[in-house]
file data_20.csv (CSV, C-alpha atoms)
chain,number,residue,atom,x,y,z
Z,620,MET,CA,-15.7,33.0,-50.9
Z,621,VAL,CA,-19.3,32.4,-49.8
Z,622,ASN,CA,-18.5,28.7,-49.3
Z,623,GLU,CA,-15.4,29.5,-47.1
Z,624,MET,CA,-17.6,31.8,-44.9
Z,625,THR,CA,-20.2,29.1,-44.5
Z,626,ASP,CA,-17.5,26.6,-43.5
Z,627,ALA,CA,-16.1,29.1,-40.9
Z,628,GLY,CA,-19.6,29.6,-39.5
Z,629,GLU,CA,-20.1,25.8,-39.2
Z,630,LYS,CA,-16.8,25.4,-37.4
Z,631,MET,CA,-17.7,28.2,-34.9
Z,632,LYS,CA,-21.1,26.5,-34.3
Z,633,LYS,CA,-19.3,23.1,-33.7
Z,634,SER,CA,-16.8,24.6,-31.2
Z,635,ALA,CA,-19.6,26.4,-29.4
Z,636,SER,CA,-21.5,23.2,-29.1
Z,637,LEU,CA,-18.4,21.6,-27.5
Z,638,PHE,CA,-18.6,24.2,-24.6
Z,639,ASP,CA,-22.3,23.6,-24.3
Z,640,ARG,CA,-21.8,19.9,-23.6
Z,641,PRO,CA,-22.5,18.8,-20.1
Z,642,GLY,CA,-19.1,17.1,-19.8
Z,643,VAL,CA,-18.8,14.4,-17.1
Z,644,VAL,CA,-22.1,14.2,-15.3
Z,645,LEU,CA,-22.1,11.9,-12.3
Z,646,THR,CA,-24.9,9.5,-11.8
Z,647,GLU,CA,-26.7,9.7,-8.5
Z,648,GLU,CA,-24.7,6.6,-7.2
Z,649,GLN,CA,-21.4,8.1,-8.3
Z,650,ALA,CA,-22.1,11.4,-6.7
Z,651,ARG,CA,-23.3,9.8,-3.4
Z,652,SER,CA,-20.2,7.5,-3.2
Z,653,ARG,CA,-17.8,10.4,-4.0
Z,654,ARG,CA,-19.4,12.5,-1.3
Z,655,ALA,CA,-19.1,9.7,1.2
Z,656,ARG,CA,-15.4,9.2,0.3
Z,657,ASN,CA,-14.8,12.9,0.6
Z,658,ILE,CA,-16.3,13.0,4.0
Z,659,ALA,CA,-14.3,10.0,5.1
Z,660,ILE,CA,-11.1,11.5,3.9
Z,661,GLY,CA,-11.9,14.8,5.6
Z,662,VAL,CA,-12.7,13.3,8.9
Z,663,THR,CA,-9.6,11.1,8.8
Z,664,ILE,CA,-7.3,14.0,8.0
Z,665,ALA,CA,-8.9,16.1,10.8
Z,666,LEU,CA,-8.5,13.3,13.3
Z,667,LEU,CA,-5.0,12.7,12.2
Z,668,ALA,CA,-4.1,16.3,12.6
Z,669,ALA,CA,-5.7,16.4,16.1
Z,670,LEU,CA,-3.8,13.2,17.0
Z,671,PHE,CA,-0.4,14.6,15.9
Z,672,TYR,CA,-1.1,17.9,17.7
Z,673,ALA,CA,-1.9,16.0,21.0
Z,674,VAL,CA,1.0,13.6,20.6
Z,675,THR,CA,3.4,16.6,20.1
Z,676,LEU,CA,2.1,18.2,23.3
Z,677,VAL,CA,2.6,15.0,25.2
Z,678,LYS,CA,6.1,14.5,23.8
Z,679,PHE,CA,7.1,18.1,24.7
Z,680,GLY,CA,5.6,17.5,28.2
Z,681,ALA,CA,6.3,20.2,30.7
Z,682,ALA,CA,8.9,21.8,28.3
Z,683,ILE,CA,5.9,23.1,26.3
Z,684,VAL,CA,5.7,26.1,28.7
Z,685,ASN,CA,9.4,26.6,28.8
Z,686,ARG,CA,9.7,29.5,26.3
Z,687,THR,CA,10.3,33.2,26.2
Z,688,ILE,CA,7.2,35.3,25.9
Q,1043,MET,CA,-27.7,7.2,-16.5
Q,1044,SER,CA,-25.5,10.2,-17.2
Q,1045,ASP,CA,-26.7,13.0,-19.6
Q,1046,ALA,CA,-23.2,12.9,-21.2
Q,1047,THR,CA,-23.1,10.7,-24.2
Q,1048,TYR,CA,-20.1,8.6,-25.3
Q,1049,LEU,CA,-19.5,6.6,-28.5
Q,1050,ASN,CA,-18.8,3.5,-26.4
Q,1051,ASP,CA,-18.2,2.4,-22.8
Q,1052,GLU,CA,-14.4,2.7,-23.2
Q,1053,GLN,CA,-14.7,6.4,-23.9
Q,1054,ALA,CA,-16.7,7.0,-20.7
Q,1055,PRO,CA,-14.5,8.1,-17.8
Q,1056,ARG,CA,-14.1,5.4,-15.1
Q,1057,ILE,CA,-15.7,7.0,-12.0
Q,1058,SER,CA,-15.6,5.0,-8.8
Q,1059,VAL,CA,-18.7,4.1,-6.9
Q,1060,ALA,CA,-16.6,2.6,-4.1
Q,1061,SER,CA,-17.8,3.5,-0.6
Q,1062,PRO,CA,-15.6,4.1,2.4
Q,1063,SER,CA,-16.6,0.7,3.6
Q,1064,ASP,CA,-15.0,-0.9,0.6
Q,1065,TYR,CA,-11.7,0.8,1.5
Q,1066,PHE,CA,-12.2,-0.4,5.1
Q,1067,ALA,CA,-12.7,-3.9,3.8
Q,1068,LEU,CA,-9.3,-3.7,2.2
Q,1069,LEU,CA,-7.7,-3.4,5.6
Q,1070,LYS,CA,-8.9,-6.9,6.6
Q,1071,PRO,CA,-10.5,-5.6,9.9
Q,1072,ARG,CA,-10.7,-9.0,11.6
Q,1073,VAL,CA,-6.9,-9.6,11.1
Q,1074,MET,CA,-6.3,-6.0,12.1
Q,1075,SER,CA,-8.2,-6.6,15.4
Q,1076,LEU,CA,-6.0,-9.6,16.2
Q,1077,VAL,CA,-2.9,-7.5,15.4
Q,1078,VAL,CA,-4.0,-4.7,17.7
Q,1079,PHE,CA,-4.7,-7.1,20.5
Q,1080,THR,CA,-1.4,-8.9,20.3
Q,1081,ALA,CA,0.5,-5.7,19.8
Q,1082,LEU,CA,-1.2,-4.3,22.9
Q,1083,ALA,CA,0.0,-7.3,24.9
Q,1084,GLY,CA,3.6,-6.6,23.7
Q,1085,LEU,CA,3.2,-2.9,24.6
Q,1086,LEU,CA,1.9,-3.7,28.1
Q,1087,LEU,CA,4.9,-6.0,28.8
Q,1088,ALA,CA,7.1,-2.9,29.0
Q,1089,PRO,CA,8.6,-2.3,32.5
Q,1090,THR,CA,7.5,1.4,32.2
Q,1091,PRO,CA,4.3,1.8,30.2
Q,1092,PRO,CA,4.2,4.7,27.7
Q,1093,HIS,CA,1.9,7.6,28.1
Q,1094,PRO,CA,-1.6,6.4,27.2
Q,1095,LEU,CA,-1.9,8.7,24.2
Q,1096,ILE,CA,1.5,7.6,22.9
Q,1097,GLY,CA,0.4,4.0,23.4
Q,1098,PHE,CA,-2.9,4.6,21.7
Q,1099,ALA,CA,-1.2,6.3,18.7
Q,1100,SER,CA,1.4,3.5,18.5
Q,1101,LEU,CA,-1.3,0.9,18.4
Q,1102,LEU,CA,-3.2,2.9,15.8
Q,1103,ALA,CA,-0.1,3.1,13.6
Q,1104,ILE,CA,0.5,-0.7,14.0
Q,1105,ALA,CA,-3.1,-1.3,13.1
Q,1106,VAL,CA,-2.9,0.9,10.0
Q,1107,GLY,CA,0.3,-0.9,9.0
Q,1108,ALA,CA,-1.5,-4.2,9.3
Q,1109,GLY,CA,-4.3,-2.8,7.2
Q,1110,ALA,CA,-1.9,-1.6,4.6
Q,1111,SER,CA,-0.5,-5.1,4.4
Q,1112,GLY,CA,-4.0,-6.4,3.9
Q,1113,ALA,CA,-4.7,-3.9,1.1
Q,1114,LEU,CA,-1.4,-4.7,-0.7
Q,1115,ASN,CA,-2.2,-8.5,-0.3
Q,1116,MET,CA,-5.6,-7.9,-1.9
Q,1117,TRP,CA,-4.0,-5.9,-4.7
Q,1118,TYR,CA,-1.6,-8.7,-5.6
Q,1119,ASP,CA,-4.0,-11.6,-5.0
Q,1120,ALA,CA,-7.0,-10.2,-6.8
Q,1121,ASP,CA,-6.7,-12.9,-9.6
Q,1122,ILE,CA,-6.9,-15.8,-7.2
Q,1123,ASP,CA,-9.3,-14.1,-4.8
Q,1124,ALA,CA,-11.8,-14.1,-7.7
Q,1125,LEU,CA,-11.6,-17.9,-7.9
Q,1126,MET,CA,-12.2,-18.7,-4.3
Q,1127,THR,CA,-15.6,-18.7,-2.6
Q,1128,ARG,CA,-14.2,-17.2,0.6
Q,1129,THR,CA,-12.6,-14.2,-1.1
Q,1130,ARG,CA,-14.6,-13.5,-4.3
Q,1131,LYS,CA,-16.7,-10.8,-2.6
Q,1132,ARG,CA,-13.6,-8.7,-1.7
Q,1133,PRO,CA,-13.6,-5.2,-3.3
Q,1134,ILE,CA,-11.4,-5.9,-6.3
Q,1135,PRO,CA,-12.9,-9.2,-7.5
Q,1136,ALA,CA,-16.4,-7.8,-6.8
Q,1137,GLY,CA,-15.5,-4.9,-9.2
Q,1138,ARG,CA,-16.0,-2.2,-6.6
Q,1139,LEU,CA,-12.4,-1.1,-6.6
Q,1140,ASP,CA,-9.7,-1.2,-9.3
Q,1141,PRO,CA,-6.2,-2.7,-8.6
Q,1142,GLU,CA,-4.4,0.6,-9.2
Q,1143,THR,CA,-6.4,2.4,-6.6
Q,1144,THR,CA,-5.9,-0.4,-4.1
Q,1145,LEU,CA,-2.1,-0.4,-4.7
Q,1146,ALA,CA,-2.0,3.3,-4.1
Q,1147,PHE,CA,-4.1,3.1,-1.0
Q,1148,GLY,CA,-1.9,0.3,0.4
Q,1149,LEU,CA,1.3,2.1,-0.3
Q,1150,VAL,CA,0.1,5.4,1.2
Q,1151,LEU,CA,-1.2,3.7,4.3
Q,1152,ALA,CA,2.0,1.7,4.7
Q,1153,THR,CA,4.2,4.8,4.4
Q,1154,LEU,CA,1.9,6.8,6.7
Q,1155,SER,CA,1.8,4.1,9.4
Q,1156,ILE,CA,5.6,3.7,9.4
Q,1157,PHE,CA,6.4,7.4,9.7
Q,1158,THR,CA,3.6,7.9,12.3
Q,1159,LEU,CA,5.1,5.1,14.5
Q,1160,GLY,CA,8.5,6.6,14.0
Q,1161,TYR,CA,7.3,10.0,15.2
Q,1162,VAL,CA,5.0,9.0,18.1
Q,1163,ALA,CA,7.2,6.1,19.4
Q,1164,ASN,CA,10.6,5.5,18.0
Q,1165,TRP,CA,12.4,4.6,14.7
Q,1166,PHE,CA,13.4,1.1,15.8
Q,1167,ALA,CA,9.7,0.2,16.2
Q,1168,ALA,CA,9.0,1.9,12.9
Q,1169,ALA,CA,11.7,-0.2,11.2
Q,1170,LEU,CA,10.2,-3.3,12.7
Q,1171,LEU,CA,6.8,-2.4,11.4
Q,1172,ALA,CA,8.3,-1.7,7.9
Q,1173,PHE,CA,9.9,-5.1,8.0
Q,1174,THR,CA,6.6,-6.7,9.0
Q,1175,ILE,CA,4.7,-5.1,6.1
Q,1176,LEU,CA,7.5,-6.0,3.7
Q,1177,PHE,CA,7.6,-9.5,4.9
Q,1178,TYR,CA,3.9,-10.0,4.6
Q,1179,VAL,CA,3.6,-8.5,1.2
Q,1180,VAL,CA,6.9,-9.5,-0.5
Q,1181,ILE,CA,8.0,-12.7,1.2
Q,1182,TYR,CA,4.6,-14.2,2.0
Q,1183,THR,CA,2.1,-12.8,-0.6
Q,1184,ILE,CA,4.3,-12.4,-3.7
Q,1185,TRP,CA,6.9,-15.1,-3.1
Q,1186,LEU,CA,5.8,-18.0,-0.8
Q,1187,LYS,CA,2.0,-18.1,-1.1
Q,1188,ARG,CA,1.9,-19.5,-4.7
Q,1189,TRP,CA,5.2,-21.4,-4.5
Q,1190,THR,CA,5.3,-23.7,-1.5
Q,1191,PRO,CA,3.0,-25.5,0.9
Q,1192,MET,CA,5.3,-24.1,3.7
Q,1193,ASN,CA,3.9,-20.6,2.8
Q,1194,ILE,CA,1.9,-20.3,6.0
Q,1195,VAL,CA,4.8,-21.6,8.2
Q,1196,ILE,CA,7.3,-19.0,7.1
Q,1197,GLY,CA,4.8,-16.3,6.2
Q,1198,GLY,CA,3.3,-16.7,9.7
Q,1199,ALA,CA,6.2,-14.7,11.0
Q,1200,ALA,CA,4.6,-11.5,9.7
Q,1201,GLY,CA,1.5,-12.1,11.7
Q,1202,ALA,CA,3.6,-13.0,14.8
Q,1203,LEU,CA,5.6,-9.8,14.8
Q,1204,PRO,CA,3.1,-7.4,16.3
Q,1205,PRO,CA,3.8,-8.1,20.0
Q,1206,MET,CA,7.5,-7.4,19.3
Q,1207,VAL,CA,6.5,-4.2,17.4
Q,1208,GLY,CA,4.3,-3.2,20.4
Q,1209,TYR,CA,7.1,-3.8,22.9
Q,1210,ALA,CA,9.6,-2.0,20.7
Q,1211,ALA,CA,7.2,1.0,20.5
Q,1212,ALA,CA,7.1,1.2,24.3
Q,1213,THR,CA,10.8,0.6,25.0
Q,1214,GLY,CA,12.8,1.1,21.9
Q,1215,GLU,CA,14.2,-2.5,22.0
Q,1216,ILE,CA,13.0,-6.1,22.0
Q,1217,ASN,CA,13.3,-8.6,24.9
Q,1218,LEU,CA,13.0,-12.3,25.4
Q,1219,ALA,CA,9.3,-12.0,26.6
Q,1220,SER,CA,8.2,-10.3,23.4
Q,1221,VAL,CA,10.1,-13.0,21.4
Q,1222,VAL,CA,8.2,-15.7,23.3
Q,1223,LEU,CA,4.9,-14.0,22.3
Q,1224,PHE,CA,6.2,-14.0,18.8
Q,1225,ALA,CA,7.0,-17.7,19.0
Q,1226,ILE,CA,3.5,-18.5,20.4
Q,1227,ILE,CA,1.7,-16.8,17.4
Q,1228,PHE,CA,4.3,-18.3,15.0
Q,1229,MET,CA,3.6,-21.8,16.2
Q,1230,TRP,CA,-0.2,-21.1,16.3
Q,1231,THR,CA,-0.5,-20.0,12.7
Q,1232,PRO,CA,0.1,-23.2,10.8
Q,1233,PRO,CA,-2.4,-25.5,12.6
Q,1234,HIS,CA,-5.0,-22.6,12.5
Q,1235,PHE,CA,-4.7,-22.1,8.7
Q,1236,TRP,CA,-4.2,-25.8,7.9
Q,1237,SER,CA,-7.5,-26.6,9.6
Q,1238,LEU,CA,-9.1,-23.9,7.4
Q,1239,ALA,CA,-7.3,-25.4,4.4
Q,1240,LEU,CA,-8.9,-28.8,5.2
Q,1241,LEU,CA,-12.3,-27.2,5.0
Q,1242,ARG,CA,-11.5,-25.1,1.9
Q,1243,SER,CA,-9.1,-27.4,0.0
Q,1244,GLU,CA,-11.3,-27.2,-3.2
Q,1245,ASP,CA,-11.1,-23.4,-3.1
Q,1246,TYR,CA,-7.3,-23.4,-2.8
Q,1247,ALA,CA,-7.0,-26.1,-5.5
Q,1248,ARG,CA,-9.2,-24.0,-7.9
Q,1249,ALA,CA,-7.0,-21.0,-7.3
Q,1250,GLY,CA,-3.8,-23.0,-7.6
Q,1251,VAL,CA,-2.5,-22.1,-4.1
Q,1252,PRO,CA,-0.3,-24.9,-2.9
Q,1253,MET,CA,-1.8,-25.4,0.6
Q,1254,LEU,CA,-0.6,-28.5,2.5
Q,1255,PRO,CA,-3.8,-30.6,2.0
Q,1256,ASN,CA,-3.6,-30.1,-1.8
Q,1257,VAL,CA,0.1,-30.8,-2.0
Q,1258,ALA,CA,0.9,-33.4,0.7
Q,1259,GLY,CA,-2.6,-34.7,1.3
Q,1260,GLU,CA,-5.1,-34.4,4.1
Q,1261,ASP,CA,-3.6,-37.2,6.2
Q,1262,ARG,CA,-0.2,-35.5,6.3
Q,1263,THR,CA,-2.0,-32.2,7.1
Q,1264,ARG,CA,-3.8,-33.8,10.1
Q,1265,LEU,CA,-0.5,-35.1,11.4
Q,1266,GLU,CA,1.2,-31.7,11.0
Q,1267,ILE,CA,-1.7,-30.1,12.9
Q,1268,LEU,CA,-1.3,-32.5,15.7
Q,1269,ILE,CA,2.5,-32.0,15.8
Q,1270,TYR,CA,2.2,-28.2,15.9
Q,1271,ALA,CA,-0.5,-28.4,18.6
Q,1272,LEU,CA,1.8,-30.6,20.7
Q,1273,ALA,CA,4.6,-28.0,20.3
Q,1274,LEU,CA,2.3,-25.1,20.9
Q,1275,ALA,CA,0.7,-26.3,24.1
Q,1276,PRO,CA,4.0,-26.1,26.2
Q,1277,LEU,CA,5.1,-23.0,24.5
Q,1278,GLY,CA,1.9,-21.3,25.5
Q,1279,VAL,CA,2.8,-22.0,29.1
Q,1280,ALA,CA,6.2,-20.4,28.8
Q,1281,PRO,CA,5.2,-16.8,29.8
Q,1282,TRP,CA,4.2,-18.2,33.2
Q,1283,LEU,CA,7.3,-20.4,33.5
Q,1284,MET,CA,9.5,-17.5,32.6
Q,1285,GLY,CA,7.9,-15.3,35.2
Q,1286,PHE,CA,6.3,-12.6,33.1
Q,1287,ALA,CA,2.8,-13.9,33.5
Q,1288,SER,CA,0.8,-14.9,36.6
Q,1289,LEU,CA,-0.4,-18.3,37.9
Q,1290,ALA,CA,-3.8,-17.4,36.4
Q,1291,TYR,CA,-2.2,-17.3,33.0
Q,1292,GLY,CA,-0.4,-20.5,33.8
Q,1293,LEU,CA,-3.6,-22.3,34.6
Q,1294,VAL,CA,-5.4,-20.9,31.5
Q,1295,SER,CA,-2.5,-21.8,29.2
Q,1296,ILE,CA,-2.3,-25.4,30.6
Q,1297,GLY,CA,-6.0,-26.0,30.4
Q,1298,GLY,CA,-6.2,-24.4,26.9
Q,1299,GLY,CA,-3.1,-26.3,25.7
Q,1300,ILE,CA,-4.6,-29.6,26.8
Q,1301,ALA,CA,-7.9,-28.8,25.1
Q,1302,LEU,CA,-6.0,-27.7,21.9
Q,1303,VAL,CA,-4.1,-31.0,21.7
Q,1304,ALA,CA,-7.4,-32.9,22.3
Q,1305,VAL,CA,-9.1,-31.0,19.5
Q,1306,ALA,CA,-6.1,-31.5,17.2
Q,1307,ALA,CA,-6.1,-35.2,18.1
Q,1308,ALA,CA,-9.8,-35.4,17.0
Q,1309,VAL,CA,-8.7,-33.8,13.7
Q,1310,PHE,CA,-6.1,-36.5,13.4
Q,1311,LYS,CA,-8.5,-39.3,14.2
Q,1312,GLN,CA,-11.6,-38.2,12.2
Q,1313,ARG,CA,-10.7,-38.6,8.6
Q,1314,GLU,CA,-13.9,-39.2,6.7
Q,1315,GLY,CA,-17.2,-37.4,6.1
Q,1316,ASP,CA,-19.0,-34.9,8.2
Q,1317,ALA,CA,-17.1,-35.9,11.4
Q,1318,ALA,CA,-13.8,-34.9,9.7
Q,1319,ARG,CA,-15.2,-31.6,8.6
Q,1320,GLN,CA,-16.7,-30.9,12.1
Q,1321,ALA,CA,-13.3,-31.7,13.7
Q,1322,ALA,CA,-11.4,-29.4,11.3
Q,1323,ARG,CA,-14.0,-26.6,11.9
Q,1324,ARG,CA,-13.7,-27.1,15.7
Q,1325,MET,CA,-9.9,-26.9,15.4
Q,1326,PHE,CA,-10.2,-23.7,13.4
Q,1327,LEU,CA,-12.5,-22.0,15.8
Q,1328,PHE,CA,-10.9,-23.3,19.0
Q,1329,SER,CA,-7.5,-22.2,17.9
Q,1330,ILE,CA,-8.9,-18.6,17.7
Q,1331,LEU,CA,-10.3,-18.9,21.2
Q,1332,TYR,CA,-7.1,-20.4,22.5
Q,1333,LEU,CA,-4.9,-17.5,21.3
Q,1334,PHE,CA,-7.5,-15.0,22.3
Q,1335,LEU,CA,-7.7,-16.3,25.9
Q,1336,LEU,CA,-3.9,-16.4,26.3
Q,1337,PHE,CA,-3.5,-12.8,25.2
Q,1338,LEU,CA,-6.6,-11.7,27.0
Q,1339,VAL,CA,-5.2,-12.9,30.4
Q,1340,LEU,CA,-1.9,-11.3,29.6
Q,1341,VAL,CA,-3.5,-7.9,28.7
Q,1342,VAL,CA,-5.8,-8.0,31.8
Q,1343,GLU,CA,-3.0,-8.8,34.3
Q,1344,ARG,CA,-0.5,-6.4,32.7
Q,1345,THR,CA,-3.2,-3.7,32.8
Q,1346,ALA,CA,-3.9,-4.4,36.5
Q,1347,HIS,CA,-0.1,-4.4,37.1
Q,1348,ILE,CA,0.2,-0.9,35.5
Q,1349,PHE,CA,-2.7,0.4,37.6
Q,1350,ALA,CA,-1.0,-0.9,40.7
Q,1351,LEU,CA,2.1,1.0,39.7
Q,1352,ILE,CA,0.1,4.2,39.4
call {"tool": "encode", "arguments": {"input": "data_20.csv", "output": "structure tokens"}}
result
Amino acid sequence: MVNEMTDAGEKMKKSASLFDRPGVVLTEEQARSRRARNIAIGVTIALLAALFYAVTLVKFGAAIVNRTI
Amino acid sequence: MSDATYLNDEQAPRISVASPSDYFALLKPRVMSLVVFTALAGLLLAPTPPHPLIGFASLLAIAVGAGASGALNMWYDADIDALMTRTRKRPIPAGRLDPETTLAFGLVLATLSIFTLGYVANWFAAALLAFTILFYVVIYTIWLKRWTPMNIVIGGAAGALPPMVGYAAATGEINLASVVLFAIIFMWTPPHFWSLALLRSEDYARAGVPMLPNVAGEDRTRLEILIYALALAPLGVAPWLMGFASLAYGLVSIGGGIALVAVAAAVFKQREGDAARQAARRMFLFSILYLFLLFLVLVVERTAHIFALI
């Protein structure tokens, strides 16, 4: 009985230590390159959205104002 | 070093350290700039030029499509790129990017470029762009490149298509003038790359790529370069003779064509030592200048024509 309780306590300690682990910790180089990639993707998507918006306006032409208000 | 500990390197998650510039390198920027330039010439040939923003967005889509082709080429050719001095610093052989990421990047860009061109211009141009990408990746890279010394002759069609895609983006169709521009680049490609192959024959041999000098010999390659230059020179004059380029273009193309044949003749004559390498290098560089000049004159005079219309 005492042994079983000790085992259960050990298991709890082990599982708690799993949560305490730092997990995936990026090196400085990895973090820097990921940030650079994220910025590049963000800027690209923003520019693409702006381009599609502007192209849509041009394709509509004067018809863009032809709507009921 | 990370604070996280792993039993061995295989357990550690593979976290990329690739920078945006590595992804940009996958697009083969120098090839892309040539594609943009020649597509612009095709686009400007249109009787009624498109709205500048539509033209810009179309060229951007064509450029990204060319970049996607480059990325997919680097994905498939990573094994031979690692063996050649000229290509071993590319992102995959250098270990900065993995093949799976490159494949995904290429496929996403290819899809994006085709649908963007379809939306901003028309679906005929988009289909032509899709065909160009497919031709470069499947016909040239996967099939012809490692199989036949004629790889560059047939595969060159992919690099020659951008003026037709540009014209199609502006008009929704193709015409004879855009086909002539296609033919000029198509005939230009073999002597250009064979002069490079003469300089890098050891590289190609090490990688097992059957370029003409390795398969048919250097003498045969020199003869082929001269034959193609002789065919290209009059073809380069065709835009003026057919009336869609000015006298200025005619003079540049005649002068450039004569010089190109002279440089090719020097490659044919000089067969040994440094003189032979110098001649091949001169042919490689002059062929770039020749094509650049022809398209520059076309772009400048078509731009002037459009401004005169406005």
call {"tool": "interface_residues", "arguments": {"input": "data_20.csv", "of": "chain Z", "to": "chain Q", "cutoff": "6 Å", "atoms": "all atoms listed in the file", "output": "short mmCIF file (atom, residue, chain, number, x, y, z; two decimals) with C-alpha atoms, keeping the file's coordinate frame"}}
result
data_model
loop_
_atom_site.label_atom_id
_atom_site.label_comp_id
_atom_site.auth_asym_id
_atom_site.auth_seq_id
_atom_site.Cartn_x
_atom_site.Cartn_y
_atom_site.Cartn_z
CA VAL Z 644 -22.10 14.20 -15.30
CA THR Z 646 -24.90 9.50 -11.80
CA GLN Z 649 -21.40 8.10 -8.30
CA SER Z 652 -20.20 7.50 -3.20
CA ARG Z 656 -15.40 9.20 0.30
#
call {"tool": "residues_around", "arguments": {"input": "data_20.csv", "residues": "Asp1261 (chain Q)", "least_positions_apart": "6", "cutoff": "9 Å", "atoms": "all atoms listed in the file", "output": "list in words"}}
result
Pro1255, Phe1310 and Arg1313 of chain Q
call {"tool": "atom_distance", "arguments": {"input": "data_20.csv", "atom1": "CA of Val1222 (chain Q)", "atom2": "CA of Ala1346 (chain Q)"}}
result
21.2 Å
call {"tool": "residues_around", "arguments": {"input": "data_20.csv", "residues": "region 1138-1152 of chain Q", "least_positions_apart": "4", "cutoff": "8 Å", "atoms": "all atoms listed in the file", "output": "PyMOL selection string"}}
result
chain Q and resi 1058-1060+1064+1068+1106-1107+1109-1114+1116-1117+1120+1133-1134+1156+1172+1175
call {"tool": "residues_near_point", "arguments": {"input": "data_20.csv", "point": "(-3.3, -24.1, 17.2)", "cutoff": "9 Å", "atoms": "all atoms listed in the file", "output": "PyMOL selection string"}}
result
chain Q and resi 1227+1229-1235+1267-1268+1270-1272+1274-1275+1299+1302-1303+1306+1325-1326+1328-1330+1332-1333
call {"tool": "atom_distance", "arguments": {"input": "data_20.csv", "atom1": "CA of Val1339 (chain Q)", "atom2": "CA of Ala1290 (chain Q)"}}
result
7.6 Å
call {"tool": "atom_distance", "arguments": {"input": "data_20.csv", "atom1": "CA of His1347 (chain Q)", "atom2": "CA of Phe1286 (chain Q)"}}
result
11.1 Å
call {"tool": "residues_around", "arguments": {"input": "data_20.csv", "residues": "Leu1085 (chain Q)", "least_positions_apart": "2", "cutoff": "10 Å", "atoms": "all atoms listed in the file", "output": "PyMOL selection string"}}
result
chain Q and resi 1079-1083+1087-1092+1097+1100-1101+1204-1213+1220+1341+1344
call {"tool": "closest_residue", "arguments": {"input": "data_20.csv", "among": "Q:Met1284, Q:Val1279, Q:Ile1300, Q:Ala1321", "to": "Leu1336 (chain Q)", "atoms": "all atoms listed in the file"}}
result
Q:Val1279
call {"tool": "residues_around", "arguments": {"input": "data_20.csv", "residues": "Gly1259 (chain Q)", "least_positions_apart": "3", "cutoff": "12 Å", "atoms": "all atoms listed in the file", "output": "ChimeraX atom specification"}}
result
/Q:1191,1236,1239-1240,1243,1247,1252-1256,1262-1266,1313
